[in-house]
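The file structure39.cif contains mmCIF, C-alpha atoms:
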data_structure
#
loop_
_atom_site.label_atom_id
_atom_site.label_comp_id
_atom_site.auth_asym_id
_atom_site.auth_seq_id
_atom_site.Cartn_x
_atom_site.Cartn_y
_atom_site.Cartn_z
CA MET A 30 6.49 -32.47 -25.88
CA SER A 31 4.30 -30.76 -28.49
CA PHE A 32 4.60 -27.07 -29.39
CA VAL A 33 1.11 -26.37 -28.00
CA GLN A 34 2.04 -27.97 -24.67
CA ARG A 35 5.25 -25.94 -24.51
CA VAL A 36 3.19 -22.77 -25.08
CA ARG A 37 0.87 -23.68 -22.22
CA ASP A 38 3.75 -24.49 -19.92
CA SER A 39 5.45 -21.18 -20.75
CA ILE A 40 2.56 -19.10 -19.42
CA VAL A 41 3.69 -19.34 -15.81
CA LEU A 42 2.99 -16.32 -13.64
CA LYS A 43 4.86 -15.59 -10.40
CA SER A 44 1.56 -14.75 -8.76
CA PRO A 45 -1.73 -13.50 -10.25
CA ASP A 46 -1.75 -10.85 -7.52
CA VAL A 47 1.42 -9.11 -8.76
CA GLU A 48 1.12 -9.51 -12.52
CA GLU A 49 0.23 -6.50 -14.61
CA PRO A 50 -3.04 -7.24 -16.46
CA ILE A 51 -1.58 -6.19 -19.81
CA ASP A 52 1.32 -8.60 -19.29
CA ALA A 53 -0.76 -11.50 -18.03
CA TYR A 54 -3.37 -11.34 -20.80
CA PHE A 55 -1.35 -10.04 -23.75
CA HIS A 56 2.46 -9.70 -23.60
CA ARG A 57 3.16 -12.99 -21.82
CA ARG A 58 0.82 -14.95 -24.07
CA LEU A 59 2.65 -13.68 -27.14
CA ALA A 60 5.95 -14.35 -25.38
CA ALA A 61 4.88 -17.94 -24.73
CA LEU A 62 4.95 -18.54 -28.50
CA VAL A 63 8.56 -17.33 -28.59
CA THR A 64 9.50 -19.38 -25.53
CA ALA A 65 7.97 -22.56 -26.96
CA ALA A 66 9.82 -22.03 -30.24
CA VAL A 67 13.28 -21.45 -28.73
CA HIS A 68 13.10 -23.86 -25.79
CA PRO A 69 14.46 -26.84 -27.79
CA THR A 70 17.26 -24.70 -29.28
CA PRO A 71 20.65 -23.74 -27.78
CA LEU A 72 19.51 -20.13 -27.36
CA ARG A 73 19.86 -18.92 -23.77
CA PRO A 74 17.68 -16.36 -21.94
CA ASP A 75 20.44 -13.72 -22.19
CA HIS A 76 20.43 -14.18 -25.99
CA ILE A 77 16.72 -13.28 -25.99
CA THR A 78 17.48 -10.29 -23.75
CA TRP A 79 20.09 -8.96 -26.19
CA MET A 80 17.65 -9.48 -29.08
CA SER A 81 15.09 -7.42 -27.17
CA LEU A 82 17.66 -4.64 -26.76
CA PHE A 83 18.65 -4.67 -30.44
CA ILE A 84 15.06 -4.57 -31.71
CA GLY A 85 14.22 -1.86 -29.16
CA TRP A 86 17.07 0.28 -30.49
CA VAL A 87 15.92 -0.32 -34.07
CA ALA A 88 12.48 0.88 -32.96
CA SER A 89 14.08 4.07 -31.58
CA ALA A 90 16.01 4.57 -34.83
CA VAL A 91 12.82 4.22 -36.89
CA MET A 92 11.08 6.62 -34.50
CA ALA A 93 13.89 9.17 -34.98
CA LEU A 94 13.73 8.88 -38.77
CA THR A 95 9.98 9.44 -38.61
CA VAL A 96 10.18 12.39 -36.22
CA PHE A 97 12.68 14.18 -38.47
CA ASP A 98 10.63 13.43 -41.64
CA VAL A 99 13.17 11.10 -43.20
CA VAL A 100 10.39 8.54 -43.62
CA GLY A 101 6.63 9.05 -43.77
CA ASP A 102 4.02 8.64 -41.05
CA TYR A 103 3.97 4.89 -41.62
CA GLY A 104 7.24 4.96 -39.70
CA TYR A 105 5.19 5.46 -36.53
CA ILE A 106 3.41 2.17 -37.16
CA ALA A 107 6.72 0.39 -37.82
CA ALA A 108 8.30 1.87 -34.67
CA ALA A 109 5.32 0.84 -32.55
CA ALA A 110 5.37 -2.71 -33.96
CA LEU A 111 9.11 -3.06 -33.32
CA LEU A 112 8.72 -1.81 -29.76
CA LEU A 113 5.95 -4.37 -29.18
CA ILE A 114 8.27 -7.12 -30.43
CA SER A 115 10.97 -5.89 -28.05
CA VAL A 116 8.51 -5.99 -25.14
CA VAL A 117 7.40 -9.52 -26.02
CA LEU A 118 11.02 -10.71 -26.16
CA ASP A 119 11.62 -9.01 -22.79
CA CYS A 120 8.88 -11.24 -21.35
CA ALA A 121 10.13 -14.32 -23.19
CA ASP A 122 13.62 -14.28 -21.65
CA GLY A 123 12.24 -14.68 -18.14
CA GLN A 124 9.78 -17.34 -19.26
CA LEU A 125 12.58 -19.29 -20.93
CA ALA A 126 14.71 -19.06 -17.78
CA ARG A 127 11.85 -20.41 -15.64
CA ALA A 128 11.10 -23.15 -18.18
CA ARG A 129 14.70 -24.32 -17.82
CA GLY A 130 14.69 -24.34 -14.03
CA GLY A 131 14.98 -20.71 -12.98
CA GLY A 132 17.07 -17.65 -13.78
CA THR A 133 20.01 -15.97 -12.09
CA ARG A 134 20.39 -12.63 -10.35
CA MET A 135 22.76 -11.43 -13.09
CA GLY A 136 20.19 -12.40 -15.68
CA ARG A 137 17.52 -10.38 -13.87
CA ILE A 138 19.86 -7.40 -13.56
CA LEU A 139 20.72 -7.55 -17.25
CA ASP A 140 17.03 -7.71 -18.06
CA GLY A 141 16.38 -4.60 -15.96
CA LEU A 142 19.22 -2.64 -17.55
CA VAL A 143 17.99 -3.57 -21.03
CA ASP A 144 14.50 -2.35 -20.10
CA SER A 145 15.92 1.09 -19.35
CA ALA A 146 18.18 1.05 -22.42
CA VAL A 147 15.14 0.39 -24.62
CA LEU A 148 12.69 2.74 -22.93
CA VAL A 149 14.82 5.88 -22.51
CA PRO A 150 15.86 6.57 -26.15
CA PHE A 151 12.40 5.76 -27.47
CA TYR A 152 10.80 8.08 -24.93
CA VAL A 153 13.29 10.85 -25.78
CA PHE A 154 12.26 10.75 -29.43
CA MET A 155 8.61 10.79 -28.37
CA GLY A 156 9.37 13.96 -26.41
CA ILE A 157 11.13 15.56 -29.39
CA ASP A 158 8.13 14.70 -31.55
CA ILE A 159 5.78 16.37 -29.08
CA LEU A 160 8.03 19.45 -28.96
CA LEU A 161 8.14 19.79 -32.75
CA ARG A 162 4.43 19.15 -33.23
CA HIS A 163 2.87 20.90 -30.26
CA GLY A 164 5.40 23.21 -28.59
CA TRP A 165 6.99 23.67 -25.18
CA PRO A 166 3.89 23.41 -22.93
CA TYR A 167 3.17 19.90 -24.15
CA PHE A 168 6.86 19.02 -24.01
CA ALA A 169 6.83 20.01 -20.33
CA LEU A 170 3.86 17.68 -19.87
CA ALA A 171 5.89 14.91 -21.53
CA ALA A 172 8.86 15.57 -19.21
CA VAL A 173 6.66 15.35 -16.12
CA ALA A 174 5.01 12.19 -17.45
CA GLY A 175 8.37 10.59 -18.26
CA PHE A 176 9.78 11.25 -14.80
CA GLY A 177 6.55 10.03 -13.25
CA ALA A 178 6.61 6.85 -15.32
CA TRP A 179 10.13 6.12 -14.11
CA ILE A 180 9.06 6.48 -10.46
CA GLN A 181 5.89 4.47 -11.04
CA ILE A 182 7.85 1.54 -12.48
CA MET A 183 10.21 1.50 -9.48
CA VAL A 184 7.31 1.78 -7.03
CA TYR A 185 5.55 -1.17 -8.66
CA ASP A 186 8.73 -3.29 -8.61
CA ARG A 187 9.23 -2.51 -4.94
CA ALA A 188 5.63 -3.26 -4.04
CA LYS A 189 5.91 -6.58 -5.90
CA SER A 190 9.06 -7.57 -3.97
CA VAL A 191 7.49 -6.69 -0.61
CA TYR A 192 4.29 -8.54 -1.46
CA LEU A 193 6.04 -11.70 -2.70
CA ALA A 194 8.32 -11.72 0.35
CA ASN A 195 5.24 -11.93 2.58
CA THR A 196 2.98 -14.24 0.58
CA ARG A 197 5.26 -16.94 -0.87
CA PRO A 198 7.38 -19.34 1.16
CA GLY A 199 9.73 -19.65 -1.83
CA ALA A 200 10.11 -15.92 -2.36
CA HIS A 201 13.90 -16.17 -2.66
CA ALA A 202 13.45 -18.40 -5.68
CA ASP A 203 11.37 -15.67 -7.29
CA GLY A 204 14.18 -13.15 -7.06
CA VAL A 205 13.20 -11.52 -3.76
CA GLU A 206 16.39 -10.58 -1.91
CA THR A 207 17.67 -8.30 0.82
CA MET A 208 20.24 -5.57 0.30
CA GLU A 209 22.67 -7.57 2.47
CA GLU A 210 22.45 -10.55 0.12
CA VAL A 211 23.04 -8.39 -2.94
CA LEU A 212 26.00 -6.60 -1.34
CA ALA A 213 27.55 -9.93 -0.36
CA GLU A 214 27.33 -11.12 -3.95
CA TYR A 215 28.74 -7.79 -5.16
CA GLU A 216 31.82 -8.29 -2.98
CA GLU A 217 32.32 -11.72 -4.52
CA ILE A 218 31.92 -10.30 -8.03
CA LYS A 219 34.44 -7.56 -7.28
CA ARG A 220 36.94 -10.29 -6.42
CA SER A 221 36.30 -12.71 -9.25
CA GLY A 222 33.75 -11.27 -11.67
CA THR A 223 34.21 -9.61 -15.04
CA LEU A 224 34.23 -5.85 -15.56
CA PHE A 225 30.77 -6.05 -17.13
CA GLU A 226 29.39 -7.98 -14.14
CA ARG A 227 30.85 -5.41 -11.73
CA PHE A 228 29.30 -2.60 -13.77
CA MET A 229 25.88 -4.29 -13.76
CA MET A 230 25.91 -4.93 -10.02
CA HIS A 231 27.07 -1.39 -9.24
CA THR A 232 24.32 0.06 -11.42
CA TYR A 233 21.71 -2.27 -9.96
CA ILE A 234 22.57 -1.48 -6.34
CA ASN A 235 23.02 2.28 -6.68
CA GLY A 236 20.27 2.65 -9.21
CA GLN A 237 17.29 0.36 -8.98
CA LEU A 238 17.56 -0.94 -5.41
CA LYS A 239 18.43 2.25 -3.53
CA LEU A 240 16.18 4.49 -5.62
CA SER A 241 13.23 2.11 -5.32
CA GLU A 242 13.67 2.09 -1.53
CA LYS A 243 13.83 5.89 -1.52
CA PHE A 244 10.86 6.61 -3.78
CA SER A 245 8.63 3.94 -2.26
CA GLY A 246 9.51 4.85 1.32
CA SER A 247 9.61 1.16 2.21
CA GLY A 248 13.17 1.04 3.55
CA ALA A 249 15.11 -2.22 3.67
CA LEU A 250 13.15 -5.30 2.67
CA ASN A 251 12.03 -7.46 5.60
CA LEU A 252 12.18 -11.20 4.83
CA ARG A 253 10.24 -13.26 7.36
CA GLU A 254 9.25 -16.86 7.86
CA VAL A 255 6.13 -17.28 5.73
CA THR A 256 3.48 -19.84 6.63
CA GLU A 257 0.28 -20.62 4.75
CA GLU A 258 -1.71 -18.86 7.48
CA SER A 259 0.45 -15.71 7.52
CA ALA A 260 0.42 -15.57 3.72
CA GLN A 261 -3.37 -15.77 3.62
CA ALA A 262 -3.72 -13.03 6.26
CA TYR A 263 -1.24 -10.77 4.45
CA ARG A 264 -2.91 -11.38 1.09
CA ALA A 265 -6.34 -10.53 2.48
CA ARG A 266 -5.01 -7.26 3.88
CA PHE A 267 -2.83 -6.00 1.04
CA ARG A 268 -4.05 -7.61 -2.17
CA PRO A 269 -6.13 -4.52 -3.16
CA THR A 270 -3.02 -2.34 -2.81
CA MET A 271 -0.97 -4.76 -4.89
CA ARG A 272 -3.58 -4.93 -7.63
CA LEU A 273 -3.63 -1.12 -7.74
CA ALA A 274 0.17 -1.11 -7.99
CA SER A 275 0.01 -3.60 -10.86
CA ILE A 276 -1.21 -0.90 -13.25
CA LEU A 277 2.01 1.07 -12.65
CA GLY A 278 4.58 -1.37 -14.02
CA LEU A 279 6.77 -1.42 -17.10
CA GLY A 280 4.46 -3.52 -19.25
CA THR A 281 1.57 -1.09 -18.77
CA HIS A 282 3.75 1.89 -19.67
CA MET A 283 5.17 0.16 -22.73
CA PHE A 284 1.62 -0.62 -23.87
CA PHE A 285 0.66 3.04 -23.72
CA ILE A 286 3.91 4.11 -25.38
CA TYR A 287 3.66 1.91 -28.44
CA GLY A 288 -0.12 2.43 -28.47
CA GLY A 289 0.34 6.20 -28.47
CA VAL A 290 2.93 6.04 -31.25
CA LEU A 291 0.67 3.73 -33.25
CA LEU A 292 -2.07 6.36 -32.99
CA LEU A 293 0.31 8.88 -34.57
CA GLY A 294 -0.16 6.99 -37.83
CA TRP A 295 -3.71 8.38 -37.83
CA SER A 296 -3.84 11.17 -35.24
CA GLN A 297 -1.57 14.13 -34.50
CA TRP A 298 -2.31 13.84 -30.78
CA GLY A 299 -1.44 10.21 -30.06
CA THR A 300 1.65 10.81 -27.91
CA VAL A 301 0.05 13.75 -26.08
CA ALA A 302 -2.84 11.48 -25.10
CA THR A 303 -0.25 9.00 -23.82
CA GLN A 304 1.33 11.68 -21.62
CA VAL A 305 -2.07 12.60 -20.17
CA VAL A 306 -2.53 8.94 -19.19
CA PHE A 307 0.88 8.85 -17.50
CA VAL A 308 0.22 12.03 -15.50
CA THR A 309 -3.18 10.64 -14.47
CA LEU A 310 -1.40 7.59 -13.05
CA PHE A 311 0.25 9.89 -10.49
CA ILE A 312 -2.93 9.62 -8.37
CA PRO A 313 -2.85 5.84 -7.80
CA MET A 314 0.94 6.02 -7.51
CA PHE A 315 0.74 8.19 -4.38
CA LEU A 316 -1.95 5.96 -2.91
CA VAL A 317 0.32 2.95 -3.39
CA ILE A 318 3.39 4.73 -1.98
CA SER A 319 1.46 5.53 1.17
CA ARG A 320 0.86 1.81 1.70
CA ILE A 321 4.21 0.20 0.75
CA LYS A 322 5.89 1.10 4.06
CA VAL A 323 2.96 -0.45 5.95
CA MET A 324 3.12 -3.51 3.67
CA ASN A 325 6.81 -3.98 4.48
CA GLN A 326 6.36 -3.60 8.23
CA ALA A 327 3.20 -5.63 8.63
CA PRO A 328 3.58 -8.75 10.81
#
Using structure tokens, write down the structure that the file contains.
Amino acid sequence: MSFVQRVRDSIVLKSPDVEEPIDAYFHRRLAALVTAAVHPTPLRPDHITWMSLFIGWVASAVMALTVFDVVGDYGYIAAAALLLISVVLDCADGQLARARGGGTRMGRILDGLVDSAVLVPFYVFMGIDILLRHGWPYFALAAVAGFGAWIQIMVYDRAKSVYLANTRPGAHADGVETMEEVLAEYEEIKRSGTLFERFMMHTYINGQLKLSEKFSGSGALNLREVTEESAQAYRARFRPTMRLASILGLGTHMFFIYGGVLLLGWSQWGTVATQVVFVTLFIPMFLVISRIKVMNQAP
């Protein structure tokens, strides 16, 4: 198979309805180049995930050196570029897993933990930069925006799971799962898994799953028998809500973060503008939250 064909095959979306526009038209297309290059090699998806983490931490280190004037303002451009590379690799690991027949729950959990491990330190240094440049009022704005971004990402992930569970007969293959299924696997991992696997499952259950249920107000995920007719009816009713939710995911936030830092190479107000965007996203977030419970309970 040619490299070009492997690139085309790598751009596989779970569903156009749930994909973030910035991911579908930018991040995943760049990631397809990575996926096509590594597919014939022995590299596994978790190798790509760890590379994403390493480069994300290097981006945070460069950001810290820039914030504390160890390097010049060109450090902002380098930090933004490194964070973009980390985001692209974060997309590539899932694409590689699907290209090789599908990923695992542990792989998805690792991917989610790495997302947080990359985002949090970088965002902290953005906040310190805002504090040093603009003072406490703008730092408070950054804190509100950061907390809001965290909730928005969880709300989007939850809305995506609910939507896929009701519009795709093979939703389980796409990583949609009930709390009971996850807890059953956790019990098995506690008996025979490694310490790292137990840590990941504990963090996943008590962090992402329970908090996403709480903040979205959706409660436990309802998995039903999905027919073509029921999927079409559900899609017609809730697709606008899902498309609104799709602007609240991780890829969108990462785009504004590295975009805002890139602007700092030329403007003193790049990261503040980013925080204003995040706070503005509170409005669609509450509109989506008000609909997720209905989406999960709809027949």
Once the PyMOL selection byres ((chain A and resi 229) around 8) has been evaluated on this model, what residues remain selected, and can you format them as a list of chain:residue names?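 Taken on the displayed file, the PyMOL selection byres ((chain A and resi 229) around 8) yields the residues A:Met135, A:Ile138, A:Leu139, A:Leu142, A:Phe225, A:Glu226, A:Arg227, A:Phe228, A:Met230, A:His231, A:Thr232, A:Tyr233.
Computed from the coordinates, the CA of Met314 (chain A) to CA of Leu240 (chain A) distance equals 15.4 Å.
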Nearest to Gly236 (chain A) by atom-to-atom distance, counting all atoms listed in the file, from A:Met80, A:Asp122, A:Arg129, A:Met183: A:Met183
When the PyMOL selection byres ((chain A and resi 317) around 10) is applied to the structure above, which residues does it catch, written out as number ranges by chain? A: 181, 184-185, 188, 245, 269-275, 277, 311-316, 318-322, 324
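Residues matched by the PyMOL selection byres ((chain A and resi 46) around 7) in this file: Ser44, Pro45, Val47, Glu48, Arg268, Met271 and Arg272 of chain A.
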Residue among A:Ala110, A:Ile234, A:Leu62, A:Leu279 lying closest to Glu216 (chain A), counting all atoms listed in the file: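 Checking each of A:Ala110, A:Ile234, A:Leu62, A:Leu279 against Glu216 (chain A), counting all atoms listed in the file, the winner is A:Ile234.
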Counting only C-alpha atoms, closest pick from A:Gly123, A:Gly280, A:Pro328, A:Gly294 relative to Tyr263 (chain A) is A:Pro328
Using Å and a single decimal, report how far CA of Val87 (chain A) sits from CA of Val99 (chain A). 14.9 Å
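Distance annotation: of A:Glu206, A:Asp52, A:Asp38, A:Asp158, the residue with the minimal separation from Thr64 (chain A) is A:Asp38; atom set is all atoms listed in the file.
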